[in-house]
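Input: a single structure, listed below in structure tokens.
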Amino acid sequence: MDDERPDVLTIGQLAHRTGLPVRTLRFWSDEGAVPPVARSAGGYRLYDAESVARVELVRTLRELGLGLDDVCRVVSGRTTVAEVADAHVAALDAQIRSLKVSRAVLSTVAKRGSTAEETALMNRLARLSAAERKQIIDEFKEEVFGGLDVEPRVRDRLRSLSIALPDDPAPEQVDAWIELAELVRDPGFRARLRTWMELNTPAPGQGPPPGASIWWARQVVQTVAKVRKRGVAPEGPAAAAVLSELFGDADRAAVLGSVEAGIEAGAERYRRLVAQVRGQDSSPDATEELNWLARALRATADQT
């Protein structure tokens with residue numbers, strides 16, 4: 001009988017040789033991935049040594065995540081392992097990107113203790129297309145910066161400022177984008193930032209208003225950071241000397257107005273989120289330094 005030939009294997013023997021369950025081999029056989037080489041007189045499937053090698057190939061491809069359709073195309077010679085692998089890598093990359101987004105959203109939800117409605121909103125914001133994200137930023141920039149009478153160099157920089165997630169963002173970039181998207185869609189934030197921008201936009205034919213240059217000027221923040229580290233109180237004479245060093249005879253009330261407007265607008269938070277979304281090394285959070293500066297400026301204003 002054919003099933004007694006030493007060069008063929010029954011499905012049970014093939015299962016023993018490969019360590020796979022008979023039901024798995026039967027399923028693969030039915031799907032055409034591991035077809036029998038012959039049938040016994042009783043109609044049972046028979047396999048040979050090449051079948052063992054084919055089972056190992058099928059198992060490897062399945063462990064790598066390929067579907068049986070692709071596996072059958074490979075073992076039948078209709079395509080190559082390399083061609084299928086290339087397509088599968090692209091699919092895995094897309095899946096990995098999606099999983100990173102899901103992880104970032106869930107991490108943010110856990111951190112904030114978000115409600116179901118907030119979770120749904122964050123998920124939608126995280127999964128917006130590149131065009132949809134660009135539209136949100138463009139609308140924000142137009143409302144906040146549009147129509148300001150700024151010098152052409154600054155205007156071109158504002159227009160060209162890119163705030164876009166890369167194709168393969170890190171979880172922290174997705175997290176920052178969610179927060180940034182919520183921020184720039186807030187009408188209150190837009191209005192506060194617009195007020196601050198108008199306050200820091202020079203009148204035609206005039207130089208920058210006092211205090212306009214301190215925002216995001218690292219030398220000012222670094223100077224204040226050193227002073228705070230020494231324990232200098234913002235209301236004392238040492239602080240007044242620091243202000244004189246920083247601003248000379250500039251109108252302190254105007255400088256204070258700029259600092260307070262920026263703090264109220266949340267400009268520092270916006271700056272840091274933009275840097276995080278863009279994957280840039282952001283300078284340390286300057287909120288405490290700016291608050292110290294505002295207190296020192298108020299103290300000198302009260303004294304005068």
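To be explicit about the labels: the chains of the structure tokens are called A, B, and onward in the order shown, and within each one the residues are counted from 1, while ligands get numbers from 1 in the order they are shown.
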With a distance cut-off of 8 Å and only C-alpha atoms, select the neighbouring residues of stretch 75-79 of chain A, excluding the residue or stretch itself and same-chain residues fewer than 4 positions from it, and output the selection as a PyMOL selection string. chain A and resi 33+54+58+71+83-84
Would you output that residue set with C-alpha atoms, as a tab-separated table (two decimals), in the first residue's frame?
```
chain	number	residue	atom	x	y	z
A	33	ALA	CA	-0.15	25.76	1.53
A	54	ARG	CA	7.49	23.26	3.08
A	58	VAL	CA	4.93	27.99	6.03
A	71	VAL	CA	2.03	32.08	2.01
A	83	GLU	CA	8.55	40.46	-2.70
A	84	VAL	CA	6.04	39.42	-0.06
```
Would you mind writing down, as a ChimeraX atom specification, each residue of stretch 33-219 of chain A that DSSP on the backbone assigns to helix (DSSP H, G or I)? /A:49-63,68-75,81-112,116-126,130-145,152-160,171-184,187-199,212-214,218-219
Set the distance at 10 Å and use only C-alpha atoms: which residues neighbour A:Ala104 once local chain neighbours fewer than 2 positions away are removed? I'd like the list as a list of chain:residue names. A:Ser98, A:Leu99, A:Lys100, A:Val101, A:Ser102, A:Leu106, A:Ser107, A:Thr108, A:Val109, A:Ala110, A:Met122, A:Asn123, A:Ala126, A:Ala170, A:Pro171, A:Glu172, A:Gln173, A:Val174, A:Asp175, A:Ala176, A:Ile178
Could the residues in this selection be written to a file with N, CA, C and O atoms, as a JSON list (two decimals), in the first residue's frame?
```
[["chain", "number", "residue", "atom", "x", "y", "z"],
["A", 98, "SER", "N", 0.36, 53.29, 13.61],
["A", 98, "SER", "CA", -0.96, 53.35, 14.23],
["A", 98, "SER", "C", -0.91, 52.96, 15.70],
["A", 98, "SER", "O", -1.56, 53.59, 16.55],
["A", 99, "LEU", "N", -0.11, 51.94, 16.02],
["A", 99, "LEU", "CA", 0.02, 51.52, 17.41],
["A", 99, "LEU", "C", 0.69, 52.59, 18.27],
["A", 99, "LEU", "O", 0.33, 52.79, 19.43],
["A", 100, "LYS", "N", 1.66, 53.29, 17.68],
["A", 100, "LYS", "CA", 2.31, 54.37, 18.41],
["A", 100, "LYS", "C", 1.32, 55.47, 18.75],
["A", 100, "LYS", "O", 1.32, 56.03, 19.85],
["A", 101, "VAL", "N", 0.46, 55.79, 17.78],
["A", 101, "VAL", "CA", -0.57, 56.81, 18.02],
["A", 101, "VAL", "C", -1.52, 56.34, 19.12],
["A", 101, "VAL", "O", -1.85, 57.09, 20.04],
["A", 102, "SER", "N", -1.95, 55.07, 19.04],
["A", 102, "SER", "CA", -2.85, 54.53, 20.06],
["A", 102, "SER", "C", -2.20, 54.58, 21.44],
["A", 102, "SER", "O", -2.84, 54.95, 22.43],
["A", 106, "LEU", "N", -3.62, 56.70, 24.63],
["A", 106, "LEU", "CA", -3.95, 56.03, 25.87],
["A", 106, "LEU", "C", -3.09, 56.53, 27.03],
["A", 106, "LEU", "O", -3.56, 56.66, 28.16],
["A", 107, "SER", "N", -1.82, 56.81, 26.75],
["A", 107, "SER", "CA", -0.94, 57.35, 27.78],
["A", 107, "SER", "C", -1.43, 58.71, 28.26],
["A", 107, "SER", "O", -1.44, 58.99, 29.47],
["A", 108, "THR", "N", -1.85, 59.55, 27.31],
["A", 108, "THR", "CA", -2.37, 60.86, 27.66],
["A", 108, "THR", "C", -3.67, 60.74, 28.45],
["A", 108, "THR", "O", -3.89, 61.46, 29.43],
["A", 109, "VAL", "N", -4.53, 59.82, 28.03],
["A", 109, "VAL", "CA", -5.80, 59.59, 28.73],
["A", 109, "VAL", "C", -5.53, 59.18, 30.17],
["A", 109, "VAL", "O", -6.16, 59.69, 31.12],
["A", 110, "ALA", "N", -4.60, 58.25, 30.36],
["A", 110, "ALA", "CA", -4.28, 57.78, 31.70],
["A", 110, "ALA", "C", -3.69, 58.90, 32.56],
["A", 110, "ALA", "O", -4.01, 59.03, 33.75],
["A", 122, "MET", "N", -9.37, 63.40, 21.65],
["A", 122, "MET", "CA", -7.93, 63.23, 21.51],
["A", 122, "MET", "C", -7.59, 62.22, 20.43],
["A", 122, "MET", "O", -6.64, 62.40, 19.66],
["A", 123, "ASN", "N", -8.37, 61.16, 20.36],
["A", 123, "ASN", "CA", -8.12, 60.14, 19.34],
["A", 123, "ASN", "C", -8.32, 60.72, 17.94],
["A", 123, "ASN", "O", -7.54, 60.45, 17.03],
["A", 126, "ALA", "N", -5.39, 63.02, 17.13],
["A", 126, "ALA", "CA", -4.15, 62.28, 16.88],
["A", 126, "ALA", "C", -4.15, 61.62, 15.51],
["A", 126, "ALA", "O", -3.10, 61.43, 14.90],
["A", 170, "ALA", "N", 7.35, 59.99, 17.19],
["A", 170, "ALA", "CA", 7.55, 59.34, 18.48],
["A", 170, "ALA", "C", 6.31, 59.58, 19.35],
["A", 170, "ALA", "O", 5.58, 60.54, 19.13],
["A", 171, "PRO", "N", 6.06, 58.70, 20.33],
["A", 171, "PRO", "CA", 4.88, 58.88, 21.18],
["A", 171, "PRO", "C", 4.79, 60.26, 21.82],
["A", 171, "PRO", "O", 3.72, 60.85, 21.92],
["A", 172, "GLU", "N", 5.95, 60.80, 22.26],
["A", 172, "GLU", "CA", 5.92, 62.12, 22.90],
["A", 172, "GLU", "C", 5.56, 63.22, 21.91],
["A", 172, "GLU", "O", 4.99, 64.25, 22.29],
["A", 173, "GLN", "N", 5.86, 63.01, 20.62],
["A", 173, "GLN", "CA", 5.44, 63.99, 19.61],
["A", 173, "GLN", "C", 3.94, 63.96, 19.41],
["A", 173, "GLN", "O", 3.30, 65.00, 19.25],
["A", 174, "VAL", "N", 3.38, 62.75, 19.39],
["A", 174, "VAL", "CA", 1.92, 62.64, 19.26],
["A", 174, "VAL", "C", 1.24, 63.26, 20.47],
["A", 174, "VAL", "O", 0.24, 63.99, 20.34],
["A", 175, "ASP", "N", 1.78, 63.00, 21.64],
["A", 175, "ASP", "CA", 1.22, 63.56, 22.87],
["A", 175, "ASP", "C", 1.26, 65.09, 22.81],
["A", 175, "ASP", "O", 0.27, 65.77, 23.16],
["A", 176, "ALA", "N", 2.39, 65.64, 22.36],
["A", 176, "ALA", "CA", 2.50, 67.10, 22.25],
["A", 176, "ALA", "C", 1.54, 67.65, 21.21],
["A", 176, "ALA", "O", 0.96, 68.73, 21.39],
["A", 178, "ILE", "N", -1.40, 66.43, 20.35],
["A", 178, "ILE", "CA", -2.76, 66.44, 20.91],
["A", 178, "ILE", "C", -2.96, 67.69, 21.75],
["A", 178, "ILE", "O", -3.97, 68.40, 21.62]]
```
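When only C-alpha atoms are used to compute distances to A:Arg62, the closest of the residues A:Gly262, A:Leu180, A:Thr24, A:Gly43 turns out to be A:Thr24.
For A:Ala53, the set of protein, DNA and RNA residues having any atom at most 10 Å away, when counting only C-alpha atoms and skipping those fewer than 5 positions along the same chain, is Thr18, Val34, Asp48, Val58 and Arg59 of chain A.
Using only C-alpha atoms for every distance, the candidate list A:Arg295, A:Leu199, A:Asp285, A:Glu50 yields A:Leu199 as the residue closest to A:Ala254.
Inside stretch 19-157 of chain A, the residues DSSP reads as strand (DSSP E or B) when given the backbone are Ala38, Arg39, Arg45, Leu46 and Tyr47 of chain A.
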Resulting file, chosen residues, N, CA and C atoms, as a PDB file, in the first residue's frame:
```pdb
ATOM      1  N   ALA A  38       0.483  12.724  -2.477  1.00  0.00           N
ATOM      2  CA  ALA A  38      -0.246  11.543  -2.978  1.00  0.00           C
ATOM      3  C   ALA A  38      -1.347  11.209  -1.995  1.00  0.00           C
ATOM      4  N   ARG A  39      -2.128  10.204  -2.349  1.00  0.00           N
ATOM      5  CA  ARG A  39      -3.172   9.695  -1.465  1.00  0.00           C
ATOM      6  C   ARG A  39      -2.972   8.188  -1.309  1.00  0.00           C
ATOM      7  N   ARG A  45      -4.125  11.414   3.146  1.00  0.00           N
ATOM      8  CA  ARG A  45      -3.075  12.263   2.574  1.00  0.00           C
ATOM      9  C   ARG A  45      -1.698  11.700   2.891  1.00  0.00           C
ATOM     10  N   LEU A  46      -0.813  11.844   1.909  1.00  0.00           N
ATOM     11  CA  LEU A  46       0.561  11.396   2.085  1.00  0.00           C
ATOM     12  C   LEU A  46       1.514  12.542   1.740  1.00  0.00           C
ATOM     13  N   TYR A  47       2.627  12.606   2.465  1.00  0.00           N
ATOM     14  CA  TYR A  47       3.600  13.688   2.306  1.00  0.00           C
ATOM     15  C   TYR A  47       4.989  13.083   2.192  1.00  0.00           C
TER      16      TYR A  47
END
```
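Each of A:Ala85, A:Thr80, A:Gln13, A:Gln222 was checked against A:Leu64 using only C-alpha atoms; the smallest atom-to-atom distance is that of A:Ala85.
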For stretch 277-282 of chain A, list every protein, DNA or RNA residue within 7 Å, evaluated using only C-alpha atoms, and leave out those in the same chain fewer than 2 positions away; present the list as a PyMOL selection string. chain A and resi 163-165+173+176-177+272-275+284
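Residues in contact range of A:Arg298, defined as at most 9 Å between only C-alpha atoms, with sequence neighbours fewer than 2 positions away removed, read A:Glu235, A:Arg252, A:Ala253, A:Leu256, A:Leu293, A:Ala294, A:Arg295, A:Ala296, A:Thr300, A:Ala301, A:Asp302, A:Gln303.
Going from atom CA of A:Arg127 over to atom CA of A:Val144, you cover 24.8 Å.
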If I take atom CA of A:Ala286 and atom CA of A:Ala261, how far is one from the other in Å, to one decimal? 14.9 Å
Within 10 Å of A:Ile11, counting only C-alpha atoms, which residues qualify if same-chain residues fewer than 6 places away don't, as a list in words? Arg17, Pro21, Val22, Arg23, Leu25, Arg26, Ser29, Pro36, Tyr44, Arg45, Leu46 and Tyr47 of chain A
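Here the question is which of A:Glu182, A:Glu260, A:Asp70, A:Glu289 gets nearest to A:Val232 using only C-alpha atoms, and that residue is A:Glu289.
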Between atom CA of A:Tyr270 and atom CA of A:Leu121, distance in Å (one decimal): 19.7 Å
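With only C-alpha atoms as the atoms that count, the minimum distance from A:Val221 to the choices A:Ala238, A:Leu290, A:Ala120, A:Ala299 is reached by A:Leu290.
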